[in-house]
Amino acid sequence: MGLTSRHASRFTPIDFVEDDTGIAARAQALIADLEPDRAQMLEALHRIQHELGYVPREAVPFLAAKFRTTPAMVWGTMSFYSEIRTRPPPKVEVQWCSGPACLLKGSRHIRLALEAELGCAMNESTPDGLLGLRLVQCDGTCHLAPLVRLDGRYIGPLTVTGAIELARRLKREARGG
Amino acid sequence: MSGPLEAYRRLQEAARPAWEAAVRPKRPLFRVAVATCTRAAGADATLKALREELSRRGAEADVLVVGCPGLCFADPVVDVHLPGLPRVLYGRVSAEQVPRLLDALLGEAKVLPELALGVVLYEEERLEGYRGTAVEGLPDLAQTDWMRLQVRRLMANVGHVGAEEVDHYIARGGYEGLARALTMTPEEVIQEVLQSGLWGRGGAAFPTGRKWDFLRQARGSPKYLICNADEGDPGAFVNRSLMEGDPHLIIEGMLIAAWATGASYGYIYIRDEYPLAVERMRRAVEQARERGLLGEDILGSGLSCDLEVVRGAGSYVCGEETGLISSLEDVRGMPKIRPPYPAQSGVFARPTNVNNVESYANVPLILRHGAAWYASVGSERNKGTKMFSLSGQVQRVGVLEVPLGTPARDVIMVAGGGPPQGRSLKGLQPGGPLSGVAPASRILAEDGLPLEPEPFRDIGMLLGAGGLVVLDDSCCVVDLAVYFQWFAEDESCGRCTTCFAGTRRLLEILQRIAQGRGRPEDLELMRLLPEAMRNANCAHGQAAPTIILSLLDLFPEELQAHVLDRRCPARACPGLVRYQVVAQDEALARAADICPTQAIVKDDGSYHIDQGRCIRCHACKEVAPQAIAVLDAFGD
């Protein structure tokens, strides 16, 4: 499609900044085939996150050059979407469904119990970075409400007791060695 | 016979053998529903177990992956077609059940009644003269409570055709609507869509044909189509079900729209939470390209159009059409100020039409069968069918398709089986966080609250895009309002102060009330803020206070109990309850053990709860229901 660039007016070339981790170089290779003004920035972010687990800040200058925009615009886009992570994920993450069917079946209690038992607030990780809690949106698996997701598996219908036992097991496995 | 139809017939002839094998199999055929919902319940394990067990037994059989037929309450489901026998749908077929199921099916019995949900008859079978229950003791699935209100037009293929089999779709008459449209002028196509009465299924209910006409008349090129598959309303999963079960229906609808409007490129924007829908739609787009149904000179008509699937990244306001357009433009997905409307200046500042998944999916049926056929079901004012997802405090959770105007009462009480045993109906939240809550008294009124826009508008609510969340009497509407307002605040894009500050203020007021610190003047403030929020740019800010108005107007006693008496009648708001030991029994030792904050302490041989430590997580009540009581936090 021969599209004119909407972003041409604010196009500022940015030199690719070499970082000591080499992360940006890896990210660069992943998105070599993508183009600006083709609705492909989200695809770029997804690919990088799929490979690295998150989109590191080091990728911002490169993404800005790639999509012919400014680092601020890229950062603005990245930070707008709740599923784009800008920090590395914890080793084990309990994903708590925030949907209404789960709420009606007691998910608020499960959240309180998980936060207390794991010792971290929602969308945060324990100080050692091993365990984390993340709020996720409803994906229509409401027949299992209330549920949490763990490593792609759905656990539900869950009781508060079941949630506490799950958290204790995860703590043992993560730290007990 | 004109060109496109001839080209289509050739395509259909080529597709027929594949479908024959699926509809009149020569050996056992297992249709395994693999969708997000069935997967969550273990469908991948079922599929694996089935394949392994069949090969271990050396059984001659086929396995076909299909979409979810909508009976989520019975997931994982497997539809079994033994040659010469009617098809039977089995529910709760976990991997462990597979050997038992195969013992029965491949042995003498040919049926396993304990897991059978009913006999499945699709139109092919019905036309061939099957009537009633051909397998003894099993009901006709279509006559069961879940199915009998339903008219499955959009879902006619879901669970029936292979989810990744384009030939099945074509052999069943898919893309015929497109071929017919290509023999008509764009104006005639728009006229047909207008006559059908189809309006946008995404929530705004604007006539689809008129929207298309705006784009047709717009100047500028290229013109774009967007399919809004950012089904962000929590509790709504009808679009997902359709994309995972019959993706070509949506592609065909978009192609007809392309012909009618002059658009040459389309984006299908799917929310991040639906990775399987992204996968299935992408595969379907590739298959359509392979068959020459996308690309240059489609079916020899001169129409050239291509489509692309874009995966969102987690933002509710990207379901608002201009927010979605921003998202495609690689910037923050913030809704834009209108005018200009997308038909004048949409994505990349080009003329654009945005429709919901279900709106596009209706169009092939209209073009194939005609506007009159389409309008033959529905109510006086609203024609056609609508898909709904039913969830919450209801016995059967799943996806259904009913004529517009079907009473919500019947969908909840008959199809859904009503609230869980021992509970009574309290209300219905029909269309996402912005739609409000209808009280039971309205649902159980004489007309049963017809599922169409007008009756909901009359009580200050929105019908929305199809998520029906049922509430029973254990639910607290204030607690629910806290959730919806949190959601609205969290997802506000930040453009309008009326929205981002308005939702924040409302959330603060509600949270205060839910913690027993409500003030009488809060009730007035809650009326004042929605007035200001009407001035927000997009529907997000304008409709965010709908739930507040539901509280004030439809559940006034419950709200007043929270504010004036500092009491939660349902004892659900954590700030308004306390947990107390009311009897000493052996279950308390276990309660003390499970308590995540060690709030249950033993003094002089008896247990009590340290209120300073208790976080009201309810775990102790689960393990020691007799010994622990949930009491009002304030008062005796």
# chains A, B, ... in the order shown; residues from 1 in each chain; ligands from 1

$ residues_around --residues "segment 351-363 of chain B" --least-positions-apart "5" --cutoff "6 Å" --atoms "only C-alpha atoms" --output "list of chain:residue names"
B:Gly200, B:Arg201, B:Gly202, B:Lys223, B:Tyr224, B:Leu225, B:Ile226, B:Cys227, B:Asn228, B:Ala229, B:Leu249, B:Ile250, B:Gly253, B:Met254, B:Pro342, B:Ala343, B:Gln344, B:Ser345, B:Gly346

$ write_last_selection --atoms "C-alpha atoms" --output "PDB file, in the first residue's frame"
ATOM      1  CA  GLY B 200     -24.219  -2.315  14.632  1.00  0.00           C
ATOM      2  CA  ARG B 201     -23.755  -5.033  17.202  1.00  0.00           C
ATOM      3  CA  GLY B 202     -20.898  -3.335  19.040  1.00  0.00           C
ATOM      4  CA  LYS B 223     -10.478   3.493   1.828  1.00  0.00           C
ATOM      5  CA  TYR B 224     -10.111   1.228   4.814  1.00  0.00           C
ATOM      6  CA  LEU B 225     -12.288  -1.251   6.647  1.00  0.00           C
ATOM      7  CA  ILE B 226     -11.732  -2.115  10.263  1.00  0.00           C
ATOM      8  CA  CYS B 227     -13.211  -5.068  12.089  1.00  0.00           C
ATOM      9  CA  ASN B 228     -13.469  -4.212  15.763  1.00  0.00           C
ATOM     10  CA  ALA B 229     -12.617  -7.435  17.562  1.00  0.00           C
ATOM     11  CA  LEU B 249     -17.922 -15.677   8.171  1.00  0.00           C
ATOM     12  CA  ILE B 250     -16.237 -12.461   9.336  1.00  0.00           C
ATOM     13  CA  GLY B 253     -18.725  -9.976   5.687  1.00  0.00           C
ATOM     14  CA  MET B 254     -15.755  -7.640   5.348  1.00  0.00           C
ATOM     15  CA  PRO B 342     -13.917   7.910  10.487  1.00  0.00           C
ATOM     16  CA  ALA B 343     -15.838   7.852   7.191  1.00  0.00           C
ATOM     17  CA  GLN B 344     -14.233  11.213   6.356  1.00  0.00           C
ATOM     18  CA  SER B 345     -10.901  10.821   8.091  1.00  0.00           C
ATOM     19  CA  GLY B 346     -10.135   7.539   9.748  1.00  0.00           C
TER      20      GLY B 346
END

$ residues_around --residues "Leu510 of chain B" --least-positions-apart "2" --cutoff "10 Å" --atoms "only C-alpha atoms" --output "PyMOL selection string"
chain B and resi 478-479+481-483+485-486+504-508+512-518+522+526+548+559+562-563

$ interface_residues --of "chain A" --to "chain B" --cutoff "8 Å" --atoms "only C-alpha atoms" --output "MDAnalysis selection string"
chainID A and resid 6 37:43 46 73:74 76:78 80:84 99:105 108:110 112:113 116:117 137:144 153:154 160:161 164:165

$ select_by_dssp --residues "segment 24-172 of chain A" --states "strand (DSSP E)" --output "VMD selection string"
chain A and resid 92 to 97 131 to 136 148 to 150 153 to 155

$ atom_distance --atom1 "atom CA of Leu178 of chain B" --atom2 "atom CA of Ile366 of chain B"
10.2 Å

$ closest_residue --among "B:Ala218, B:Val193, B:Val309, B:Leu588" --to "Asp230 of chain B" --atoms "only C-alpha atoms"
B:Val309

$ select_by_dssp --residues "segment 282-395 of chain B" --states "helix (DSSP H, G or I)" --output "MDAnalysis selection string"
chainID B and resid 282:290 298:300 316:319 321:328 347:349 357:369 371:374
